[in-house]
file run-v9.txt (compact mmCIF, C-alpha atoms and all ligand atoms)
# COMPACT_ATOMS: atom_id res chain seq x y z
CA MET A 10 0.00 0.00 0.00
CA ASN A 11 1.40 3.40 -1.02
CA ILE A 12 0.82 6.43 1.17
CA HIS A 13 0.82 9.82 -0.58
CA ASP A 14 1.03 12.92 1.59
CA ASP A 15 2.44 15.33 -0.98
CA LEU A 16 -0.14 16.46 -3.52
CA GLU A 17 2.39 17.63 -6.12
CA ALA A 18 4.06 14.23 -6.05
CA TRP A 19 0.65 12.53 -6.10
CA LEU A 20 -0.41 14.44 -9.23
CA ALA A 21 2.87 13.58 -10.96
CA PHE A 22 2.35 9.93 -10.02
CA ARG A 23 -1.26 9.92 -11.19
CA ARG A 24 -0.41 11.54 -14.52
CA SER A 25 2.28 8.91 -15.10
CA GLN A 26 -0.17 6.02 -14.69
CA GLY A 27 -1.32 4.06 -17.71
CA ALA A 28 -3.90 1.68 -16.23
CA TRP A 29 -5.97 4.32 -14.50
CA PRO A 30 -8.77 5.18 -13.46
CA PRO A 31 -9.35 3.55 -10.08
CA GLY A 32 -12.19 3.16 -7.60
CA PHE A 33 -12.14 5.79 -4.88
CA VAL A 34 -13.44 5.90 -1.29
CA PRO A 35 -13.22 9.35 0.34
CA THR A 36 -13.13 9.23 4.15
CA MET A 37 -12.32 11.42 7.15
CA GLY A 38 -10.68 8.52 9.03
CA GLY A 39 -12.19 6.92 12.13
CA LEU A 40 -12.72 3.86 9.94
CA HIS A 41 -15.28 1.20 10.82
CA ALA A 42 -17.14 -1.69 9.15
CA GLY A 43 -19.22 0.79 7.11
CA HIS A 44 -16.03 2.04 5.45
CA ARG A 45 -14.86 -1.56 5.07
CA ALA A 46 -17.98 -2.30 2.99
CA LEU A 47 -17.28 0.69 0.71
CA VAL A 48 -13.65 -0.37 0.27
CA ALA A 49 -14.60 -4.02 -0.33
CA ARG A 50 -16.94 -2.97 -3.11
CA SER A 51 -14.31 -0.76 -4.72
CA VAL A 52 -11.68 -3.50 -4.50
CA ALA A 53 -14.13 -5.97 -6.11
CA GLU A 54 -15.15 -3.63 -8.94
CA ASN A 55 -11.89 -1.84 -9.86
CA PRO A 56 -8.30 -2.88 -10.65
CA VAL A 57 -6.95 -0.21 -8.27
CA THR A 58 -8.49 1.35 -5.14
CA VAL A 59 -7.59 4.75 -3.69
CA VAL A 60 -8.79 5.87 -0.25
CA SER A 61 -8.40 9.39 1.11
CA LEU A 62 -8.02 10.13 4.82
CA PHE A 63 -8.75 13.82 5.24
CA LEU A 64 -10.52 15.34 8.23
CA ASN A 65 -12.16 18.18 6.33
CA PRO A 66 -12.42 21.27 8.56
CA THR A 67 -14.79 23.21 6.27
CA GLN A 68 -17.69 20.81 6.79
CA PHE A 69 -17.70 21.15 10.60
CA ASP A 70 -19.97 23.91 11.86
CA GLN A 71 -18.89 23.23 15.48
CA ALA A 72 -15.21 23.50 16.41
CA SER A 73 -15.77 21.02 19.26
CA ASP A 74 -17.13 18.40 16.82
CA LEU A 75 -13.97 18.74 14.69
CA ALA A 76 -11.67 18.66 17.73
CA THR A 77 -13.22 15.49 19.14
CA TYR A 78 -13.75 13.63 15.85
CA PRO A 79 -12.54 10.10 16.60
CA ALA A 80 -9.58 9.15 14.40
CA ASP A 81 -6.55 6.98 14.93
CA LEU A 82 -4.21 7.24 11.95
CA GLU A 83 -2.13 4.15 12.70
CA GLN A 84 -5.25 2.02 13.18
CA ASP A 85 -6.85 3.45 10.02
CA LEU A 86 -3.73 2.68 7.96
CA ALA A 87 -3.54 -0.86 9.39
CA ASN A 88 -7.19 -1.41 8.41
CA LEU A 89 -6.70 -0.05 4.90
CA ARG A 90 -3.68 -2.33 4.43
CA ALA A 91 -5.71 -5.34 5.58
CA TRP A 92 -8.63 -4.40 3.31
CA GLY A 93 -6.46 -4.49 0.19
CA VAL A 94 -6.24 -0.76 -0.62
CA ASP A 95 -3.54 0.19 -3.14
CA HIS A 96 -3.12 3.93 -2.51
CA VAL A 97 -3.90 6.18 0.45
CA LEU A 98 -4.13 9.92 -0.05
CA LEU A 99 -3.21 11.69 3.16
CA PRO A 100 -3.12 15.38 2.26
CA ARG A 101 -2.35 18.28 4.58
CA ARG A 102 -5.08 20.87 5.12
CA GLU A 103 -2.96 23.67 3.65
CA ALA A 104 -2.44 21.64 0.48
CA ILE A 105 -6.16 20.91 -0.03
CA TYR A 106 -7.06 24.51 0.81
CA ALA A 107 -4.14 26.39 -0.74
CA ASP A 108 -6.70 29.01 -1.85
CA ASP A 109 -7.77 29.45 1.79
CA TYR A 110 -11.27 28.20 0.80
CA ARG A 111 -11.92 31.25 -1.39
CA TYR A 112 -13.31 28.91 -4.04
CA ARG A 113 -16.21 26.73 -3.00
CA VAL A 114 -19.14 24.74 -4.36
CA SER A 115 -22.67 25.60 -3.18
CA GLU A 116 -26.04 24.10 -3.88
CA ARG A 117 -29.02 26.30 -3.14
CA ASP A 118 -31.95 23.94 -2.60
CA LEU A 119 -31.46 20.51 -0.97
CA ALA A 120 -28.31 21.79 0.79
CA THR A 121 -30.39 24.31 2.76
CA ARG A 122 -32.74 21.68 4.23
CA LEU A 123 -32.46 19.11 7.04
CA GLU A 124 -28.71 18.74 7.77
CA GLY A 125 -28.06 21.99 5.89
CA ALA A 126 -30.61 23.90 7.98
CA HIS A 127 -29.07 22.65 11.22
CA ARG A 128 -25.42 22.84 10.20
CA PRO A 129 -24.78 26.11 8.36
CA GLY A 130 -22.12 25.78 5.66
CA HIS A 131 -21.84 22.00 6.12
CA PHE A 132 -22.68 21.03 2.56
CA ASP A 133 -20.54 23.81 1.04
CA GLY A 134 -17.66 22.17 2.88
CA VAL A 135 -18.63 18.65 1.80
CA LEU A 136 -19.20 19.49 -1.87
CA THR A 137 -16.06 21.61 -2.09
CA VAL A 138 -13.79 18.93 -0.65
CA VAL A 139 -15.42 16.15 -2.69
CA MET A 140 -14.93 18.21 -5.87
CA ARG A 141 -11.26 18.73 -4.97
CA LEU A 142 -10.71 15.05 -4.11
CA LEU A 143 -12.48 13.80 -7.25
CA ASN A 144 -10.30 16.09 -9.36
CA LEU A 145 -7.17 14.86 -7.58
CA VAL A 146 -8.01 11.18 -8.02
CA ARG A 147 -9.87 11.16 -11.39
CA ALA A 148 -11.59 7.98 -10.31
CA ARG A 149 -13.83 5.96 -12.57
CA ARG A 150 -16.13 5.24 -9.61
CA ALA A 151 -16.45 6.77 -6.14
CA TYR A 152 -18.27 5.04 -3.29
CA PHE A 153 -20.58 6.78 -0.81
CA GLY A 154 -22.76 5.36 1.98
CA GLU A 155 -26.54 5.83 2.01
CA LYS A 156 -26.37 6.70 5.70
CA ASP A 157 -25.42 10.23 4.64
CA TRP A 158 -28.31 10.30 2.18
CA GLN A 159 -28.38 14.07 1.67
CA GLN A 160 -24.62 14.09 1.05
CA LEU A 161 -25.00 11.28 -1.49
CA GLU A 162 -27.80 13.09 -3.37
CA LEU A 163 -25.87 16.36 -3.41
CA VAL A 164 -22.66 14.71 -4.63
CA ARG A 165 -24.60 12.95 -7.37
CA GLY A 166 -26.18 16.26 -8.37
CA MET A 167 -22.81 18.06 -8.37
CA VAL A 168 -21.16 15.43 -10.57
CA GLU A 169 -24.02 15.74 -13.05
CA ALA A 170 -24.15 19.55 -12.95
CA PHE A 171 -20.41 19.91 -13.56
CA PHE A 172 -20.15 17.12 -16.19
CA MET A 173 -17.64 15.22 -14.06
CA ASP A 174 -16.55 11.78 -15.25
CA THR A 175 -16.71 9.84 -11.98
CA GLU A 176 -19.64 7.46 -11.45
CA ILE A 177 -21.10 7.83 -7.94
CA VAL A 178 -21.91 4.43 -6.42
CA ALA A 179 -24.36 4.30 -3.49
CA CYS A 180 -23.75 1.61 -0.85
CA SER A 181 -26.30 0.42 1.72
CA THR A 182 -25.99 1.56 5.32
CA VAL A 183 -24.15 -0.96 7.51
CA ARG A 184 -25.92 -1.55 10.83
CA GLU A 185 -25.24 -3.32 14.10
CA ALA A 186 -27.62 -6.21 14.89
CA SER A 187 -29.55 -3.69 17.03
CA GLY A 188 -30.25 -1.58 13.91
CA LEU A 189 -27.88 1.23 14.93
CA ALA A 190 -26.17 2.61 11.81
CA LEU A 191 -22.38 2.43 12.06
CA SER A 192 -20.79 5.85 12.45
CA SER A 193 -17.43 7.14 13.65
CA ARG A 194 -19.36 9.25 16.17
CA ASN A 195 -20.82 6.13 17.86
CA ALA A 196 -17.47 5.83 19.65
CA ARG A 197 -18.43 8.88 21.72
CA LEU A 198 -21.61 7.33 23.18
CA ASP A 199 -21.47 6.27 26.82
CA ALA A 200 -22.96 2.93 27.94
CA ARG A 201 -26.45 4.33 28.60
CA GLU A 202 -26.55 6.26 25.32
CA ARG A 203 -25.39 3.19 23.44
CA GLU A 204 -28.38 1.27 24.79
CA LEU A 205 -30.76 4.02 23.70
CA ALA A 206 -29.19 4.72 20.30
CA PRO A 207 -30.84 1.86 18.31
CA ALA A 208 -34.23 3.51 19.02
CA LEU A 209 -33.36 6.07 16.34
CA HIS A 210 -33.56 3.49 13.55
CA ARG A 211 -36.43 1.62 15.22
CA SER A 212 -38.57 4.74 15.44
CA LEU A 213 -37.98 5.55 11.75
CA VAL A 214 -39.06 2.08 10.70
CA GLU A 215 -41.94 1.53 13.14
CA SER A 216 -43.67 4.93 13.39
CA PRO A 217 -46.60 5.62 11.05
CA ASP A 218 -45.36 9.13 10.28
CA ALA A 219 -42.46 11.48 10.91
CA ALA A 220 -44.18 13.42 13.71
CA THR A 221 -44.88 10.22 15.68
CA ALA A 222 -41.25 9.14 15.27
CA ALA A 223 -40.05 12.55 16.54
CA ALA A 224 -42.36 12.38 19.56
CA ALA A 225 -41.24 8.82 20.38
CA LEU A 226 -37.59 9.87 20.27
CA SER A 227 -38.16 12.94 22.43
CA GLY A 228 -40.00 10.73 24.94
CA LEU A 229 -36.92 8.51 25.16
CA GLY A 230 -34.65 11.47 25.90
CA PHE A 231 -33.29 12.26 22.43
CA ASP A 232 -32.92 15.94 21.58
CA VAL A 233 -34.48 15.83 18.10
CA ASP A 234 -33.23 18.19 15.35
CA TYR A 235 -35.64 16.84 12.73
CA VAL A 236 -37.55 13.83 11.49
CA GLU A 237 -38.83 14.45 7.98
CA ASP A 238 -40.02 12.52 4.92
CA LEU A 239 -38.29 13.68 1.77
CA GLY A 240 -37.62 12.14 -1.63
CA GLY A 241 -39.01 8.72 -0.68
CA ARG A 242 -37.01 8.49 2.54
CA ARG A 243 -37.57 9.20 6.20
CA LEU A 244 -34.59 11.10 7.61
CA ALA A 245 -33.69 12.05 11.16
CA ALA A 246 -31.04 13.75 13.24
CA ALA A 247 -31.08 13.68 17.02
CA ARG A 248 -28.66 14.20 19.86
CA LEU A 249 -27.95 11.81 22.71
CA GLY A 250 -25.96 13.84 25.22
CA ALA A 251 -23.15 15.49 23.26
CA THR A 252 -23.37 13.08 20.33
CA ARG A 253 -25.43 13.89 17.25
CA LEU A 254 -26.68 10.86 15.31
CA ILE A 255 -28.27 10.79 11.86
CA ASP A 256 -30.08 8.01 10.02
CA ASN A 257 -32.57 7.43 7.22
CA VAL A 258 -34.65 4.61 5.78
CA PRO A 259 -36.55 4.17 2.52
CA LEU A 260 -40.22 4.95 3.18
CA GLU A 261 -41.34 1.50 2.05
CA ALA A 262 -39.24 0.08 4.93
CA HIS A 263 -41.44 1.59 7.60
CA ASP A 264 -44.08 -0.82 8.83
CA GLY A 265 -46.29 1.62 10.74
CA HIS A 266 -49.95 2.08 9.75
O1 LIG B 301 -18.78 11.14 4.50
C1 LIG B 301 -17.65 11.57 4.83
O2 LIG B 301 -16.86 10.91 5.51
C2 LIG B 301 -17.24 12.97 4.38
O3 LIG B 301 -18.33 13.83 4.36
C3 LIG B 301 -16.49 12.98 3.04
C4 LIG B 301 -17.36 12.48 1.90
C5 LIG B 301 -15.24 12.10 3.14
C6 LIG B 301 -16.04 14.41 2.70
O4 LIG B 301 -15.20 14.93 3.68
call {"tool": "encode", "arguments": {"input": "run-v9.txt", "output": "structure tokens", "more": "lines below"}}
Ligand code: PAF
result
Amino acid sequence: MNIHDDLEAWLAFRRSQGAWPPGFVPTMGGLHAGHRALVARSVAENPVTVVSLFLNPTQFDQASDLATYPADLEQDLANLRAWGVDHVLLPRREAIYADDYRYRVSERDLATRLEGAHRPGHFDGVLTVVMRLLNLVRARRAYFGEKDWQQLELVRGMVEAFFMDTEIVACSTVREASGLALSSRNARLDARERELAPALHRSLVESPDAATAAAALSGLGFDVDYVEDLGGRRLAAARLGATRLIDNVPLEAHDGH
């Protein structure tokens, strides 16, 4: 596995490659079995797989969330090696944002709702870094999890709007047996919160409508940001203590009446 931390050298390397383009999995580190599923799919579908580890500061609206984001570089690299990744892109912040974030990508509709309404600037940060990473890697396919459904939709829309060549591949959310969606932020839950956390998914699936799901979650002690039906999915964000969890399910999955 090759680790690239110098973007100039990376670009020279990439331009020298004949048998390109690869599959690409962008990540912020803190890798778990959800990332493993994305990587496994890329490894199965492409001759070469590139993974980026870049904790993107521009998508964090809360400095404390960025500061406490769980990541262990040595563990992440050991995982990526074991998962069969060929190249890891490990850029420095100043190299990704050499323009000091003067240039950015914005979407003016979906990006203002749900996550966008609760996390100002979040999707500008996500779309801008994904655009930069896709241009650096020139992947044939890039893999995104459905857990971040709004992110996935916005990235798909950006790639279409800007005539970019990378195919965006959606991968199902990986869940614990309890139903809890895997997330790097789960590591921050204490024992009591961990027991409560699966109720987020359960309420989305079992409640007859979004308002009932929100009320059920509040009753259990979640601090609910939103539960809303949009684009054939039911989406939610809610806090347990200091940890904010998000999840979504296709509407046909809910069995309420
Ligand atoms: O989903 C994530 O981990 C991040 O939002 C992404 C796509 C790597 C961009 O920083």
call {"tool": "residues_around", "arguments": {"input": "run-v9.txt", "residues": "region 250-255 of chain A", "least_positions_apart": "5", "cutoff": "7 Å", "atoms": "only C-alpha atoms", "output": "count of residues only"}}
result
4
call {"tool": "residues_near_point", "arguments": {"input": "run-v9.txt", "point": "(-7.2, 7.8, -12.8)", "cutoff": "7 Å", "atoms": "all atoms listed in the file", "output": "list of chain:residue names"}}
result
A:Arg23, A:Trp29, A:Pro30, A:Pro31, A:Val146, A:Arg147, A:Ala148, A:Arg149
call {"tool": "write_last_selection", "arguments": {"input": "run-v9.txt", "atoms": "C-alpha atoms", "output": "PDB file, in the coordinates of the input"}}
result
ATOM      1  CA  ARG A  23      -1.260   9.920 -11.190  1.00  0.00           C
ATOM      2  CA  TRP A  29      -5.970   4.320 -14.500  1.00  0.00           C
ATOM      3  CA  PRO A  30      -8.770   5.180 -13.460  1.00  0.00           C
ATOM      4  CA  PRO A  31      -9.350   3.550 -10.080  1.00  0.00           C
ATOM      5  CA  VAL A 146      -8.010  11.180  -8.020  1.00  0.00           C
ATOM      6  CA  ARG A 147      -9.870  11.160 -11.390  1.00  0.00           C
ATOM      7  CA  ALA A 148     -11.590   7.980 -10.310  1.00  0.00           C
ATOM      8  CA  ARG A 149     -13.830   5.960 -12.570  1.00  0.00           C
TER       9      ARG A 149
END
call {"tool": "axis_aligned_box", "arguments": {"input": "run-v9.txt", "around": "ligand LIG 301 (chain B)", "padding_each_side": "6 Å", "output": "lines of an AutoDock Vina configuration file"}}
result
center_x = -17.0
center_y = 12.9
center_z = 3.7
size_x = 15.6
size_y = 16.0
size_z = 15.6
call {"tool": "atom_distance", "arguments": {"input": "run-v9.txt", "atom1": "CA of Leu244 (chain A)", "atom2": "CA of Ser61 (chain A)"}}
result
27.0 Å
call {"tool": "atom_distance", "arguments": {"input": "run-v9.txt", "atom1": "CA of Leu161 (chain A)", "atom2": "CA of Arg242 (chain A)"}}
result
13.0 Å
call {"tool": "residues_around", "arguments": {"input": "run-v9.txt", "residues": "region 199-205 of chain A", "least_positions_apart": "2", "cutoff": "10 Å", "atoms": "all atoms listed in the file", "output": "ChimeraX atom specification"}}
result
/A:187,189,195-197,207-209,226,229-231,248-250,252
call {"tool": "closest_residue", "arguments": {"input": "run-v9.txt", "among": "A:Val214, A:Ala224, A:Val236, A:Leu99", "to": "Leu62 (chain A)", "atoms": "only C-alpha atoms"}}
result
A:Leu99
